[in-house]
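Worksheet: the structure to be examined is printed underneath.
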There are 2 protein chains.
Amino acid sequence: METAAEKTPARWESLPSWLLAQTAHHAQRLVADGFSSVGARGYHYRLLATLEEFGPASQAALGRRSGIHLSDMVAAINELADRKLVERAPDPSDRRRNVISLTAAGGRHLRRLEKQLAECQDDLLAPLSPEERQRLTELLARLLDHHNRRTGTPEEPRR
Amino acid sequence: METAAEKTPARWESLPSWLLAQTAHHAQRLVADGFSSVGARGYHYRLLATLEEFGPASQAALGRRSGIHLSDMVAAINELADRKLVERAPDPSDRRRNVISLTAAGGRHLRRLEKQLAECQDDLLAPLSPEERQRLTELLARLLDHHNRRTGTPEEPRR
DNA sequence: CCGTAATCGTTAGTGCCACCAACGATTCGT
DNA sequence: ACGAATCGTTGGTGGCACTAACGATTACGG
């Protein structure tokens, strides 16, 4: 009897921080599922997109631009390099560096990921009208901008 | 020279899923910091609040109501019980169960946490006007509701 | 030109969060 | 009475973001 009565009875359910956490969780699940259906991870997309936008770069620069910790770059690049989506070559002008560059296959893969990603955004925002989607995005962007300023943006750690 | 030029130049920054993830991350940091300043964790609040709202319950029921996995309840209850915020007693009518109940100190602690939490929400939403806060909350609630229905709400796993 | 400092790639380990698997003990349903 | 289900508990997994440390290499100031 009490099995069915244990609904969702609590008062923190309408707290903005809770709503953000839960919706973000759903969003991340949607995106991760979408990516994994083509055998990729979220950070794969970020890396490939950054490479396409900025061209070849060292692992460190690439990591900074795409918001991935240096310590996690090795494995990430390995995964992409194993699938020939990316090329790792020593930099002749600085032997500390590896230069990572996008392959043709990597570019094609990126386009597939972008398509997937767009579908996920649509699933995510399904219950909202176009105007509402716009409004939500704008509000979130303002929040994010505010807090990024307050706590030193992740892309520019400390100068 | 390029050190300063590595701004935040990427195109996924305005994706709803990304904005959600980032803002949720900030929110979680704010809340966790706020709680830890009074020596608590987020799930402590959820447990204490659920206890106050529903009264004493078994660990399993408590976990379901507050959205905490059964496997994680032992440690969580231990932490609260060690600080006398909660009492663990065997249920005489069902010897499988422990009955968890809120102590007076637990109630006082809960009030402190609620105050903290309210401040955090305010910090989180600082850049938004009251109407905008309302709007954001409502949009997020609709999103969450939609996806909770789609994927079986976390509170009612499978009947 | 040389030593100190900084950067790069890499490995290993931490902390948090949510989850699954398994188990002994107990109780429920029939 | 017996099999199925529930409860508390332990231990382990996986994703994510981060710190610490280290060898190799390069840059810089005196």
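Identifiers for the structure tokens are assigned positionally: chains receive A, B, ... in sequence, residues are indexed from 1 per chain, and ligands are indexed from 1 in the order shown.
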Distance filter 9 Å, only C-alpha atoms (C1' of nucleotides), chain D against chain B, as number ranges by chain:
D: 6-10
What are the closest atom pairs, with distances in Å to one decimal, for each residue of chain A lying within 7 Å of chain B, using only C-alpha atoms, rows by chain and rising residue number, as a Markdown table?
| residue | atom | partner | partner_atom | distance |
| --- | --- | --- | --- | --- |
| A:Glu6 | CA | B:Arg65 | CA | 6.3 |
| A:Lys7 | CA | B:Glu155 | CA | 6.3 |
| A:Thr8 | CA | B:Glu155 | CA | 5.8 |
| A:Pro9 | CA | B:Arg65 | CA | 6.9 |
| A:Ala10 | CA | B:Thr50 | CA | 6.5 |
| A:Pro16 | CA | B:Thr137 | CA | 5.9 |
| A:Ser17 | CA | B:Ala27 | CA | 5.5 |
| A:Leu19 | CA | B:Leu140 | CA | 6.1 |
| A:Leu20 | CA | B:Ala24 | CA | 5.1 |
| A:Ala21 | CA | B:Ala24 | CA | 5.1 |
| A:Gln22 | CA | B:Leu144 | CA | 6.9 |
| A:Thr23 | CA | B:Leu144 | CA | 5.5 |
| A:Ala24 | CA | B:Leu20 | CA | 5.1 |
| A:Ala27 | CA | B:Ser17 | CA | 5.5 |
| A:Gln28 | CA | B:Ser17 | CA | 6.9 |
| A:Thr50 | CA | B:Ala10 | CA | 6.6 |
| A:Arg65 | CA | B:Glu6 | CA | 6.3 |
| A:Gln121 | CA | B:Ser17 | CA | 6.7 |
| A:Leu125 | CA | B:Leu143 | CA | 6.9 |
| A:Pro127 | CA | B:Leu143 | CA | 6.5 |
| A:Leu136 | CA | B:Leu136 | CA | 6.5 |
| A:Thr137 | CA | B:Pro16 | CA | 5.9 |
| A:Leu139 | CA | B:Leu136 | CA | 6.9 |
| A:Leu140 | CA | B:Leu19 | CA | 6.1 |
| A:Ala141 | CA | B:Leu19 | CA | 6.4 |
| A:Leu143 | CA | B:Pro127 | CA | 6.5 |
| A:Leu144 | CA | B:Thr23 | CA | 5.5 |
| A:His146 | CA | B:Pro127 | CA | 6.8 |
| A:Glu155 | CA | B:Thr8 | CA | 5.8 |
| A:Glu156 | CA | B:Lys7 | CA | 6.8 |
Expected answer as a list in words: chain C residues within 12 Å of chain A, only C-alpha atoms (C1' of nucleotides)
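Applying the cut-off to the listed atoms yields DT7, DC8, DG9, DT10, DT11, DA12, DG13, DC17 and DA18 of chain C.
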Keeping N, CA and C atoms (P, O5', C5', C4', C3', O3' and C1' of nucleotides), export the residues of the selection given above as a compact mmCIF listing (two decimals), in the first residue's frame.
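The result, written out as part.txt:
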# COMPACT_ATOMS: atom_id res chain seq x y z
P DT C 7 54.66 28.67 -17.80
O5' DT C 7 54.97 27.52 -18.85
C5' DT C 7 55.63 27.84 -20.06
C4' DT C 7 55.75 26.59 -20.90
C3' DT C 7 54.45 25.79 -21.01
O3' DT C 7 54.23 25.50 -22.39
C1' DT C 7 56.24 24.39 -20.33
P DC C 8 52.90 24.82 -22.85
O5' DC C 8 53.35 23.30 -23.04
C5' DC C 8 54.36 22.98 -23.99
C4' DC C 8 54.62 21.48 -23.96
C3' DC C 8 53.35 20.63 -23.93
O3' DC C 8 53.33 19.80 -25.09
C1' DC C 8 54.92 19.92 -22.28
P DG C 9 52.00 18.99 -25.38
O5' DG C 9 52.33 17.59 -24.71
C5' DG C 9 53.35 16.81 -25.29
C4' DG C 9 53.64 15.60 -24.42
C3' DG C 9 52.47 14.62 -24.25
O3' DG C 9 52.94 13.32 -24.56
C1' DG C 9 53.37 15.21 -22.15
P DT C 10 51.87 12.13 -24.67
O5' DT C 10 51.97 11.44 -23.24
C5' DT C 10 53.26 11.19 -22.66
C4' DT C 10 53.11 10.80 -21.21
C3' DT C 10 51.88 9.96 -20.87
O3' DT C 10 52.31 8.61 -20.75
C1' DT C 10 52.46 11.55 -19.17
P DT C 11 51.23 7.49 -20.39
O5' DT C 11 51.32 7.44 -18.80
C5' DT C 11 52.58 7.27 -18.17
C4' DT C 11 52.41 7.29 -16.66
C3' DT C 11 51.27 6.42 -16.14
O3' DT C 11 51.78 5.51 -15.19
C1' DT C 11 51.16 8.62 -15.22
P DA C 12 50.88 4.40 -14.52
O5' DA C 12 50.42 5.10 -13.17
C5' DA C 12 51.40 5.77 -12.36
C4' DA C 12 50.71 6.42 -11.18
C3' DA C 12 49.51 5.64 -10.63
O3' DA C 12 49.61 5.56 -9.23
C1' DA C 12 48.93 7.89 -11.04
P DG C 13 48.57 4.71 -8.35
O5' DG C 13 47.87 5.78 -7.41
C5' DG C 13 48.62 6.95 -6.99
C4' DG C 13 47.65 8.03 -6.57
C3' DG C 13 46.37 7.49 -5.92
O3' DG C 13 46.11 8.24 -4.74
C1' DG C 13 45.84 9.02 -7.62
P DC C 17 28.77 15.05 -3.90
O5' DC C 17 28.03 14.16 -4.99
C5' DC C 17 28.08 14.56 -6.36
C4' DC C 17 27.63 13.40 -7.23
C3' DC C 17 26.47 12.60 -6.64
O3' DC C 17 25.36 12.73 -7.53
C1' DC C 17 28.17 11.20 -7.54
P DA C 18 23.90 12.35 -7.00
O5' DA C 18 23.66 11.01 -7.79
C5' DA C 18 23.75 11.01 -9.20
C4' DA C 18 23.95 9.59 -9.68
C3' DA C 18 22.92 8.60 -9.12
O3' DA C 18 22.27 7.94 -10.18
C1' DA C 18 25.12 7.76 -8.95
Surrounding residues of Arg108 in chain B excluding itself and chain neighbours under 6 positions, 12 Å, only C-alpha atoms (C1' of nucleotides), as number ranges by chain
B: 45, 48-49, 52, 84-86, 102, 114-115
Using only C-alpha atoms, please write the residues we just selected to a file, as a short mmCIF file (atom, residue, chain, number, x, y, z; two decimals), in the first residue's frame.
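Okay, this is what ended up in result.cif:
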data_model
loop_
_atom_site.label_atom_id
_atom_site.label_comp_id
_atom_site.auth_asym_id
_atom_site.auth_seq_id
_atom_site.Cartn_x
_atom_site.Cartn_y
_atom_site.Cartn_z
CA TYR B 45 19.78 18.37 3.72
CA LEU B 48 16.76 15.84 7.15
CA ALA B 49 14.09 17.64 5.13
CA GLU B 52 10.87 16.43 8.92
CA LYS B 84 23.27 13.08 16.73
CA LEU B 85 21.17 14.80 14.09
CA VAL B 86 19.29 11.60 13.49
CA LEU B 102 15.00 13.31 13.40
CA GLU B 114 17.61 25.93 4.73
CA LYS B 115 18.88 29.39 5.43
#
So which residues of range 32-147 of chain A fall under helix (DSSP H, G or I) by DSSP, listed as a ChimeraX atom specification?
/A:32-36,42-54,59-66,70-82,104-124,130-147
Just list the residues in range 21-122 of chain A DSSP gives strand (DSSP E) on the backbone, as a ChimeraX atom specification.
/A:57-58,86-90,98-102
Report as a PDB file with N, CA and C atoms (P, O5', C5', C4', C3', O3' and C1' of nucleotides), in the first residue's frame all protein, DNA and RNA residues lying within 9 Å of DC19 in chain C, evaluated on only C-alpha atoms (C1' of nucleotides), omitting residues in the same chain fewer than 4 positions from it.
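After the write, selection-v1.pdb holds the following:
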ATOM      1  N   HIS B  69      20.303   6.607  -3.373  1.00  0.00           N
ATOM      2  CA  HIS B  69      20.391   5.172  -3.619  1.00  0.00           C
ATOM      3  C   HIS B  69      20.559   4.427  -2.308  1.00  0.00           C
ATOM      4  N   SER B  71      22.201   1.957  -1.560  1.00  0.00           N
ATOM      5  CA  SER B  71      23.594   1.622  -1.251  1.00  0.00           C
ATOM      6  C   SER B  71      24.340   2.767  -0.594  1.00  0.00           C
TER       7      SER B  71
ATOM      8  P    DT D  13      35.750  -3.218  -9.737  1.00  0.00           P
ATOM      9  O5'  DT D  13      34.720  -2.316 -10.563  1.00  0.00           O
ATOM     10  C5'  DT D  13      33.499  -2.887 -11.011  1.00  0.00           C
ATOM     11  C4'  DT D  13      32.713  -1.829 -11.778  1.00  0.00           C
ATOM     12  C3'  DT D  13      33.576  -0.960 -12.683  1.00  0.00           C
ATOM     13  O3'  DT D  13      33.022  -0.977 -13.989  1.00  0.00           O
ATOM     14  C1'  DT D  13      32.205   0.380 -11.281  1.00  0.00           C
ATOM     15  P    DG D  14      33.857  -0.426 -15.244  1.00  0.00           P
ATOM     16  O5'  DG D  14      33.182   1.008 -15.526  1.00  0.00           O
ATOM     17  C5'  DG D  14      31.784   1.157 -15.452  1.00  0.00           C
ATOM     18  C4'  DG D  14      31.440   2.617 -15.668  1.00  0.00           C
ATOM     19  C3'  DG D  14      32.497   3.393 -16.447  1.00  0.00           C
ATOM     20  O3'  DG D  14      31.837   4.249 -17.358  1.00  0.00           O
ATOM     21  C1'  DG D  14      32.175   4.388 -14.323  1.00  0.00           C
TER      22       DG D  14
END
Identify which of the residues B:Asn78, B:Ile68, B:Glu87, B:Gln116 lies closest to Thr103 in chain B, counting only C-alpha atoms when measuring atom-to-atom distances.
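Using only C-alpha atoms, the shortest distance to Thr103 in chain B belongs to B:Glu87.
The coordinates place CA of Gly63 in chain A at 23.1 Å from CA of Gly34 in chain A.
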In Å, rounded to a single decimal, give me how far CA of Gly107 in chain B is from CA of Ser36 in chain B.
17.6 Å
